[in-house]
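> Please find protein-v8.cif (mmCIF, C-alpha atoms and all ligand atoms) on the next line:
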data_start
#
loop_
_atom_site.label_atom_id
_atom_site.label_comp_id
_atom_site.auth_asym_id
_atom_site.auth_seq_id
_atom_site.Cartn_x
_atom_site.Cartn_y
_atom_site.Cartn_z
CA MET A 848 -2.24 -72.98 22.47
CA VAL A 849 -3.62 -69.63 21.31
CA THR A 850 -7.22 -68.87 22.35
CA ASN A 851 -9.44 -65.78 22.36
CA SER A 852 -8.17 -64.94 25.84
CA SER A 853 -4.52 -65.00 24.72
CA PRO A 854 -2.82 -61.59 24.76
CA VAL A 855 -2.21 -59.25 21.86
CA GLY A 856 1.54 -58.73 21.33
CA VAL A 857 2.69 -55.15 20.82
CA PHE A 858 6.30 -54.22 20.16
CA ASP A 859 8.42 -51.14 19.66
CA SER A 860 12.09 -50.23 19.64
CA GLY A 861 11.58 -48.82 23.15
CA ILE A 862 8.95 -47.10 25.23
CA GLY A 863 7.38 -44.92 22.49
CA GLY A 864 5.06 -47.72 21.36
CA LEU A 865 3.29 -47.48 24.70
CA THR A 866 1.24 -44.71 23.00
CA VAL A 867 -0.17 -47.49 20.78
CA ALA A 868 -0.48 -50.00 23.67
CA HIS A 869 -2.34 -47.35 25.66
CA GLU A 870 -4.84 -46.83 22.86
CA VAL A 871 -5.29 -50.63 22.40
CA MET A 872 -6.03 -50.94 26.14
CA ARG A 873 -8.44 -47.99 26.01
CA GLN A 874 -10.37 -49.11 22.95
CA LEU A 875 -10.24 -52.86 23.72
CA PRO A 876 -10.66 -53.00 27.50
CA HIS A 877 -11.07 -56.81 27.58
CA GLU A 878 -7.88 -57.59 25.66
CA SER A 879 -4.67 -58.50 27.48
CA VAL A 880 -1.50 -56.95 26.08
CA THR A 881 2.05 -58.31 26.15
CA TYR A 882 4.36 -55.41 25.28
CA PHE A 883 8.01 -55.73 24.30
CA GLY A 884 10.24 -52.63 24.21
CA ASP A 885 13.69 -53.20 22.72
CA THR A 886 15.34 -50.66 25.02
CA ALA A 887 18.75 -52.32 24.69
CA ARG A 888 18.86 -51.62 20.94
CA VAL A 889 16.83 -48.39 20.58
CA PRO A 890 16.93 -46.30 18.38
CA TYR A 891 15.88 -48.17 15.22
CA GLY A 892 15.50 -44.93 13.22
CA PRO A 893 19.14 -44.62 12.01
CA LYS A 894 19.73 -48.41 11.58
CA SER A 895 19.79 -50.27 8.27
CA PRO A 896 16.64 -52.01 7.00
CA GLU A 897 18.37 -55.43 7.36
CA THR A 898 19.21 -54.82 11.01
CA VAL A 899 15.70 -53.59 11.83
CA ARG A 900 14.23 -56.64 10.05
CA ARG A 901 16.47 -58.99 12.06
CA TYR A 902 15.52 -57.33 15.37
CA SER A 903 11.83 -57.39 14.42
CA ARG A 904 11.95 -61.11 13.55
CA GLU A 905 13.64 -61.90 16.88
CA ILE A 906 10.99 -59.99 18.84
CA ALA A 907 8.09 -61.48 16.87
CA SER A 908 9.41 -64.98 17.48
CA PHE A 909 9.86 -64.25 21.22
CA LEU A 910 6.30 -62.89 21.45
CA ALA A 911 4.95 -65.91 19.54
CA ASP A 912 6.65 -68.13 22.17
CA GLN A 913 4.85 -66.08 24.85
CA GLY A 914 1.54 -67.18 23.24
CA VAL A 915 0.29 -63.93 21.69
CA LYS A 916 -2.65 -64.33 19.30
CA ALA A 917 -1.90 -61.32 17.06
CA LEU A 918 0.92 -58.85 16.62
CA VAL A 919 0.82 -55.05 16.54
CA VAL A 920 4.05 -53.49 15.22
CA ALA A 921 3.85 -50.17 17.09
CA CYS A 922 7.17 -48.87 15.75
CA ASN A 923 6.98 -46.91 12.49
CA THR A 924 10.56 -47.79 11.52
CA ALA A 925 9.97 -51.52 12.12
CA THR A 926 6.69 -51.30 10.20
CA ALA A 927 8.46 -49.55 7.32
CA HIS A 928 11.22 -52.16 7.04
CA ALA A 929 9.81 -55.41 8.42
CA LEU A 930 6.02 -55.65 8.03
CA PRO A 931 6.01 -57.73 4.80
CA THR A 932 8.65 -60.14 6.22
CA LEU A 933 6.69 -60.57 9.46
CA ARG A 934 3.42 -61.13 7.60
CA GLU A 935 5.07 -63.80 5.45
CA SER A 936 6.79 -65.65 8.27
CA LEU A 937 4.11 -65.61 11.00
CA THR A 938 0.87 -67.55 11.08
CA MET A 939 -0.85 -65.00 13.35
CA PRO A 940 -2.40 -61.75 12.04
CA VAL A 941 0.03 -58.81 11.99
CA ILE A 942 -0.78 -55.10 11.81
CA GLY A 943 1.57 -52.12 11.52
CA VAL A 944 1.07 -48.41 12.14
CA ILE A 945 1.67 -47.04 8.64
CA GLU A 946 -1.46 -48.17 6.75
CA PRO A 947 -3.86 -47.06 9.53
CA GLY A 948 -2.08 -43.67 9.75
CA ALA A 949 -2.21 -43.25 5.97
CA ARG A 950 -5.95 -44.05 5.87
CA ALA A 951 -6.64 -41.50 8.61
CA ALA A 952 -4.60 -38.85 6.76
CA VAL A 953 -6.44 -39.40 3.48
CA ARG A 954 -9.77 -39.02 5.31
CA ALA A 955 -8.57 -35.79 6.96
CA THR A 956 -7.02 -33.89 4.02
CA ARG A 957 -9.05 -31.29 2.14
CA ASN A 958 -6.42 -29.97 -0.28
CA GLY A 959 -4.86 -33.39 -1.09
CA HIS A 960 -1.44 -32.34 0.21
CA ILE A 961 -0.19 -34.51 3.09
CA GLY A 962 3.03 -34.16 5.07
CA VAL A 963 4.78 -37.04 6.84
CA ILE A 964 7.46 -36.73 9.50
CA GLY A 965 9.37 -39.70 10.90
CA THR A 966 12.78 -41.18 11.58
CA VAL A 967 15.45 -41.27 8.87
CA GLY A 968 14.72 -44.98 8.28
CA THR A 969 10.96 -44.49 7.92
CA ILE A 970 11.28 -41.50 5.59
CA LYS A 971 14.02 -43.10 3.45
CA SER A 972 11.97 -46.29 3.05
CA GLY A 973 9.20 -44.39 1.22
CA ALA A 974 6.66 -46.61 3.02
CA TYR A 975 4.27 -43.76 3.88
CA GLU A 976 4.28 -42.39 0.31
CA ARG A 977 3.50 -45.87 -1.01
CA ALA A 978 0.69 -46.40 1.51
CA LEU A 979 -0.82 -42.96 0.81
CA ARG A 980 -0.59 -43.24 -2.98
CA ALA A 981 -2.06 -46.77 -2.87
CA ILE A 982 -5.20 -45.18 -1.41
CA GLU A 983 -5.21 -42.04 -3.57
CA PRO A 984 -2.64 -41.80 -6.40
CA SER A 985 -3.20 -38.08 -6.99
CA LEU A 986 -2.05 -37.00 -3.50
CA ARG A 987 0.90 -34.65 -3.05
CA VAL A 988 3.17 -35.93 -0.28
CA THR A 989 5.94 -33.95 1.43
CA THR A 990 8.19 -35.86 3.83
CA ARG A 991 10.79 -34.79 6.37
CA ALA A 992 12.99 -36.81 8.73
CA CYS A 993 13.16 -35.29 12.22
CA PRO A 994 15.85 -37.41 13.95
CA LEU A 995 16.34 -35.10 16.94
CA PHE A 996 12.72 -35.40 18.09
CA VAL A 997 13.24 -38.91 19.54
CA PRO A 998 16.11 -38.01 21.92
CA LEU A 999 14.32 -34.80 22.92
CA VAL A 1000 11.25 -36.80 23.99
CA GLU A 1001 13.40 -39.44 25.72
CA GLU A 1002 15.02 -36.63 27.73
CA GLY A 1003 11.59 -35.24 28.63
CA TRP A 1004 12.22 -31.99 26.68
CA ILE A 1005 8.62 -31.90 25.59
CA ASP A 1006 7.89 -28.17 25.73
CA SER A 1007 11.31 -26.53 26.04
CA GLU A 1008 12.41 -23.54 23.97
CA ALA A 1009 15.16 -25.64 22.34
CA THR A 1010 12.57 -28.19 21.16
CA ARG A 1011 10.46 -25.40 19.69
CA LEU A 1012 13.43 -23.98 17.75
CA ILE A 1013 14.30 -27.42 16.37
CA ALA A 1014 10.65 -28.00 15.43
CA GLU A 1015 10.57 -24.65 13.58
CA GLU A 1016 13.63 -25.66 11.59
CA TYR A 1017 12.36 -29.16 10.76
CA LEU A 1018 8.82 -28.05 9.93
CA ALA A 1019 9.68 -25.02 7.76
CA PRO A 1020 9.37 -26.99 4.47
CA ILE A 1021 6.04 -28.44 5.62
CA LEU A 1022 4.74 -24.92 6.29
CA ARG A 1023 6.10 -23.59 2.99
CA GLU A 1024 4.47 -26.38 0.98
CA GLU A 1025 1.03 -25.62 2.44
CA VAL A 1026 0.41 -29.13 3.66
CA ASP A 1027 -3.00 -29.33 5.39
CA THR A 1028 -2.53 -32.70 7.14
CA LEU A 1029 0.61 -33.97 8.84
CA VAL A 1030 1.17 -37.62 9.82
CA LEU A 1031 3.17 -37.97 13.03
CA GLY A 1032 4.99 -41.00 11.66
CA CYS A 1033 6.98 -41.94 14.75
CA THR A 1034 5.93 -43.33 18.13
CA HIS A 1035 7.45 -40.41 20.02
CA TYR A 1036 6.00 -37.51 18.06
CA PRO A 1037 2.48 -37.52 19.58
CA LEU A 1038 4.16 -36.33 22.79
CA LEU A 1039 5.33 -33.22 20.89
CA LYS A 1040 1.84 -32.50 19.52
CA PRO A 1041 1.41 -29.15 21.33
CA THR A 1042 4.78 -27.85 20.06
CA ILE A 1043 4.22 -29.12 16.51
CA ALA A 1044 0.67 -27.71 16.48
CA SER A 1045 1.84 -24.30 17.65
CA VAL A 1046 4.56 -24.17 14.97
CA LEU A 1047 2.20 -25.24 12.16
CA GLY A 1048 -0.93 -23.40 13.28
CA ALA A 1049 -4.52 -24.56 13.69
CA ASP A 1050 -5.16 -25.17 9.97
CA VAL A 1051 -2.87 -28.21 9.81
CA ARG A 1052 -4.44 -31.43 11.10
CA LEU A 1053 -2.11 -33.75 12.99
CA ILE A 1054 -2.60 -37.49 12.53
CA ASP A 1055 -1.62 -39.75 15.39
CA SER A 1056 -1.74 -43.31 14.07
CA ALA A 1057 -2.10 -44.89 17.57
CA GLU A 1058 -5.88 -44.33 17.66
CA GLU A 1059 -6.41 -45.61 14.16
CA THR A 1060 -4.15 -48.64 14.71
CA ALA A 1061 -6.11 -49.66 17.83
CA ASN A 1062 -9.31 -49.30 15.86
CA GLU A 1063 -7.99 -51.53 13.09
CA THR A 1064 -6.65 -54.02 15.66
CA ALA A 1065 -10.22 -54.44 16.93
CA ALA A 1066 -11.44 -55.09 13.38
CA MET A 1067 -8.58 -57.54 12.72
CA LEU A 1068 -9.38 -59.57 15.88
CA GLN A 1069 -13.07 -59.72 14.94
CA GLN A 1070 -12.24 -60.78 11.41
CA HIS A 1071 -10.06 -63.65 12.65
CA CYS A 1072 -12.59 -64.62 15.38
CA LEU A 1073 -9.90 -63.86 17.97
CA ALA A 1074 -11.58 -61.11 20.06
CA ALA A 1075 -11.61 -61.68 23.84
CA SER A 1076 -14.95 -62.26 25.54
CA THR A 1077 -16.67 -59.12 26.81
CA THR A 1078 -16.46 -60.56 30.34
CA ALA A 1079 -12.67 -61.16 30.19
CA GLU A 1080 -10.49 -59.45 32.82
CA PRO A 1081 -7.33 -58.29 31.04
CA SER A 1082 -3.86 -58.91 32.38
CA HIS A 1083 -0.95 -56.99 30.89
CA ARG A 1084 2.78 -57.78 30.74
CA PHE A 1085 5.60 -55.38 29.97
CA ILE A 1086 9.00 -56.68 28.90
CA ALA A 1087 12.10 -54.62 28.10
CA SER A 1088 15.46 -55.76 26.77
CA ASP A 1089 17.35 -53.46 29.18
CA ASP A 1090 16.96 -51.34 32.32
CA PRO A 1091 13.49 -52.29 33.62
CA LEU A 1092 13.47 -49.51 36.22
CA MET A 1093 13.95 -46.80 33.62
CA PHE A 1094 11.22 -48.43 31.51
CA LEU A 1095 8.87 -48.48 34.50
CA GLN A 1096 9.46 -44.80 35.29
CA LEU A 1097 9.05 -43.60 31.72
CA GLY A 1098 6.23 -46.09 31.09
CA GLN A 1099 4.21 -44.67 33.96
CA ARG A 1100 4.28 -41.30 32.14
CA PHE A 1101 2.44 -42.97 29.26
CA LEU A 1102 0.25 -45.45 31.12
CA GLY A 1103 -0.04 -44.42 34.76
CA ASP A 1104 -0.90 -47.32 37.08
CA ALA A 1105 -1.62 -49.76 34.23
CA ILE A 1106 2.10 -50.60 34.33
CA GLU A 1107 3.15 -52.01 37.69
CA SER A 1108 6.23 -54.02 36.88
CA VAL A 1109 8.62 -54.71 34.02
CA GLU A 1110 10.32 -58.01 33.12
CA VAL A 1111 13.66 -58.19 31.33
CA LYS A 1112 14.50 -60.34 28.31
CA THR A 1113 17.71 -60.03 26.31
CA LEU A 1114 17.42 -60.92 22.65
CA GLY A 1115 20.01 -61.50 19.92
N1 LIG B 1 9.87 -46.29 17.53
C1 LIG B 1 10.55 -45.55 16.49
C2 LIG B 1 9.57 -45.20 15.38
O1 LIG B 1 8.37 -45.12 15.58
C3 LIG B 1 11.18 -44.28 17.04
C4 LIG B 1 12.37 -44.53 17.94
C5 LIG B 1 13.52 -45.23 17.24
O2 LIG B 1 14.22 -44.61 16.40
O3 LIG B 1 13.73 -46.39 17.53
O4 LIG B 1 9.98 -45.01 14.27
#
Represent the structure of the file as structure tokens.


Amino acid sequence: MVTNSSPVGVFDSGIGGLTVAHEVMRQLPHESVTYFGDTARVPYGPKSPETVRRYSREIASFLADQGVKALVVACNTATAHALPTLRESLTMPVIGVIEPGARAAVRATRNGHIGVIGTVGTIKSGAYERALRAIEPSLRVTTRACPLFVPLVEEGWIDSEATRLIAEEYLAPILREEVDTLVLGCTHYPLLKPTIASVLGADVRLIDSAEETANETAAMLQQHCLAASTTAEPSHRFIASDDPLMFLQLGQRFLGDAIESVEVKTLG
């Protein structure tokens, strides 16, 4: 049975969503988190919407069986393709990363021209444009898929010269269009913040939806009377669909000691 002390489920296609899990743990220190990273099937970015929806449903159903009280879809691509399906099929509250990121971008922009970068799947879905225009129809939105950023981060090429050159190429249209706010619409991109910021210059604000999503997760738990007690001691679980050792090593880069061990669960 789900109670206030049940964990919050967080999932991503791999380890990138730990940026969101980290922010949930920081902002909600009494909440337990059960994180699932689909490392066996990453990346989701180039996959079809149907496939990403199927994977997302499998993970959500697994996390529901683990007794989570709410679900945070930390993956932008899964949010873009599967959020409505998950909201329809699950009885627990579900939050994605796109609406919180869009709200933060609209608050930040001064010239009404917002850029969005993400995976091919996220950009093709048009989900960010829809979320932004639902808040403010007069916005100008410029989008750009940056598929090479994910493997660069996975390889740890965070501040290499090659990464900078690729960023210059990808971000040239964003610079040309005089965007003043850029949404980092992919779990991995916050790790490239220094490179992206140095290519775009100090006048462009970078929006990392992890912070905003954690903030809205707190509000969602309150609204559903599901928040953990302020005396609760959290206990976190990390589950990967492949190679737990790799997950542990990379995960410690994101979370330090908060991640001590990784379980394995194969889905599909
Ligand atoms: N987690 C994905 C996202 O935020 C990036 C990695 C992938 O392509 O699976 O869109």

> May I ask you to write as a PyMOL selection string all residues lying at most 9 Å from ligand LIG 1 (chain B), with only C-alpha atoms and all ligand atoms counted?

chain A and resi 859-864+885-886+888-894+921-927+944+965-969+994+997-998+1032-1036

> Would you mind listing, for every residue of segment 991-1016 of chain A within 12 Å of segment 1091-1104 of chain A, the two atoms forming the shortest contact and the distance between them in Å to one decimal, using all atoms listed in the file, sorted by chain and ascending residue number, as a Markdown table?


| residue | atom | partner | partner_atom | distance |
| --- | --- | --- | --- | --- |
| A:Val1000 | CA | A:Leu1097 | CA | 10.5 |
| A:Glu1001 | CA | A:Leu1097 | CA | 8.5 |
| A:Glu1002 | CA | A:Leu1097 | CA | 10.0 |
| A:Gly1003 | CA | A:Leu1097 | CA | 9.3 |

> Would you mind listing what lies within 10 Å of Gln874 of chain A as number ranges by chain, with only C-alpha atoms counted and same-chain residues fewer than 3 positions away left out?

A: 868-871, 877-878, 1058, 1061-1062, 1064-1065

> Write the residues of the preceding selection, restricted to C-alpha atoms, as a tab-separated table (two decimals), in the coordinates of the input.


chain	number	residue	atom	x	y	z
A	868	ALA	CA	-0.48	-50.00	23.67
A	869	HIS	CA	-2.34	-47.35	25.66
A	870	GLU	CA	-4.84	-46.83	22.86
A	871	VAL	CA	-5.29	-50.63	22.40
A	877	HIS	CA	-11.07	-56.81	27.58
A	878	GLU	CA	-7.88	-57.59	25.66
A	1058	GLU	CA	-5.88	-44.33	17.66
A	1061	ALA	CA	-6.11	-49.66	17.83
A	1062	ASN	CA	-9.31	-49.30	15.86
A	1064	THR	CA	-6.65	-54.02	15.66
A	1065	ALA	CA	-10.22	-54.44	16.93

> Near segment 977-987 of chain A, counting only C-alpha atoms, which residues have an atom at most 12 Å away, once you skip same-chain residues fewer than 6 positions from it, shown as JSON, numbers by chain?

{"A": [926, 927, 943, 944, 945, 946, 947, 948, 949, 950, 951, 952, 953, 954, 956, 957, 958, 959, 960, 961, 962, 963, 969, 970, 971, 1021, 1024, 1025, 1026, 1027, 1028, 1029, 1030]}

> Filtering to C-alpha atoms, could you give me those residues as a tab-separated table (two decimals), in the coordinates of the input?


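Okay, this is what ended up in again27.tsv:
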chain	number	residue	atom	x	y	z
A	926	THR	CA	6.69	-51.30	10.20
A	927	ALA	CA	8.46	-49.55	7.32
A	943	GLY	CA	1.57	-52.12	11.52
A	944	VAL	CA	1.07	-48.41	12.14
A	945	ILE	CA	1.67	-47.04	8.64
A	946	GLU	CA	-1.46	-48.17	6.75
A	947	PRO	CA	-3.86	-47.06	9.53
A	948	GLY	CA	-2.08	-43.67	9.75
A	949	ALA	CA	-2.21	-43.25	5.97
A	950	ARG	CA	-5.95	-44.05	5.87
A	951	ALA	CA	-6.64	-41.50	8.61
A	952	ALA	CA	-4.60	-38.85	6.76
A	953	VAL	CA	-6.44	-39.40	3.48
A	954	ARG	CA	-9.77	-39.02	5.31
A	956	THR	CA	-7.02	-33.89	4.02
A	957	ARG	CA	-9.05	-31.29	2.14
A	958	ASN	CA	-6.42	-29.97	-0.28
A	959	GLY	CA	-4.86	-33.39	-1.09
A	960	HIS	CA	-1.44	-32.34	0.21
A	961	ILE	CA	-0.19	-34.51	3.09
A	962	GLY	CA	3.03	-34.16	5.07
A	963	VAL	CA	4.78	-37.04	6.84
A	969	THR	CA	10.96	-44.49	7.92
A	970	ILE	CA	11.28	-41.50	5.59
A	971	LYS	CA	14.02	-43.10	3.45
A	1021	ILE	CA	6.04	-28.44	5.62
A	1024	GLU	CA	4.47	-26.38	0.98
A	1025	GLU	CA	1.03	-25.62	2.44
A	1026	VAL	CA	0.41	-29.13	3.66
A	1027	ASP	CA	-3.00	-29.33	5.39
A	1028	THR	CA	-2.53	-32.70	7.14
A	1029	LEU	CA	0.61	-33.97	8.84
A	1030	VAL	CA	1.17	-37.62	9.82

> Choose the residue, out of A:Val1109, A:Ile1086, A:Ala1044, A:Leu1114, that has the smallest atom-to-atom separation from Glu1015 of chain A; count all atoms listed in the file.

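Smallest distance to Glu1015 of chain A is found for A:Ala1044.
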
> Could you check how far atom CA of Ile942 of chain A sits from atom CA of Val920 of chain A, in Å to one decimal?

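Separating atom CA of Ile942 of chain A from atom CA of Val920 of chain A is a distance of 6.1 Å.
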
> So how far away is atom CA of Arg900 of chain A from atom CA of Gln1070 of chain A, in Å?

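Those two atoms sit 26.8 Å apart.
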
> Given all atoms listed in the file as the basis, pick out the residue of A:Ile1054, A:Gly884, A:Ala917, A:Phe909 nearest to Leu1073 of chain A.

A:Ala917

> Pick out the closest residue to Thr1077 of chain A from this set: A:Pro854, A:Pro876, A:Pro1020, A:Pro1041. Count only C-alpha atoms.

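Nearest candidate to Thr1077 of chain A out of A:Pro854, A:Pro876, A:Pro1020, A:Pro1041: A:Pro876.
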
> Please put the answer as JSON: centre and edge lengths, in Å with one decimal, of a box along x, y and z that encloses all listed atoms of segment 954-968 of chain A plus 8 Å on each side.


{"center_x": 2.8, "center_y": -37.5, "center_z": 5.2, "size_x": 41.2, "size_y": 31.0, "size_z": 28.7}

> By how many Å are atom CA of Asp912 of chain A and atom CA of Ala1057 of chain A apart?

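It comes out at 25.3 Å.
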
> Please provide as a ChimeraX atom specification all residues within 12 Å of Arg1011 of chain A, with the sequence filter that same-chain residues fewer than 5 positions apart are discarded (counting all atoms listed in the file).

/A:995-996,999,1004-1006,1016-1019,1039-1047

> Considering only C-alpha atoms, can you say which of A:Thr866, A:Thr932, A:Ser853, A:Thr1113 comes closest to Gly914 of chain A?

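Using only C-alpha atoms, the shortest distance to Gly914 of chain A belongs to A:Ser853.
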
> List as a list in words: which residues have an atom within 9 Å of (-5.7, -60.3, 18.5), counting only C-alpha atoms?

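Taken together, the residues in range are Asn851, Ser853, Pro854, Val855, Gly856, Glu878, Val915, Lys916, Ala917, Leu918, Val919, Met939, Pro940, Val941, Thr1064, Ala1065, Met1067, Leu1068, Gln1069, His1071, Cys1072, Leu1073, Ala1074 and Ala1075 of chain A.
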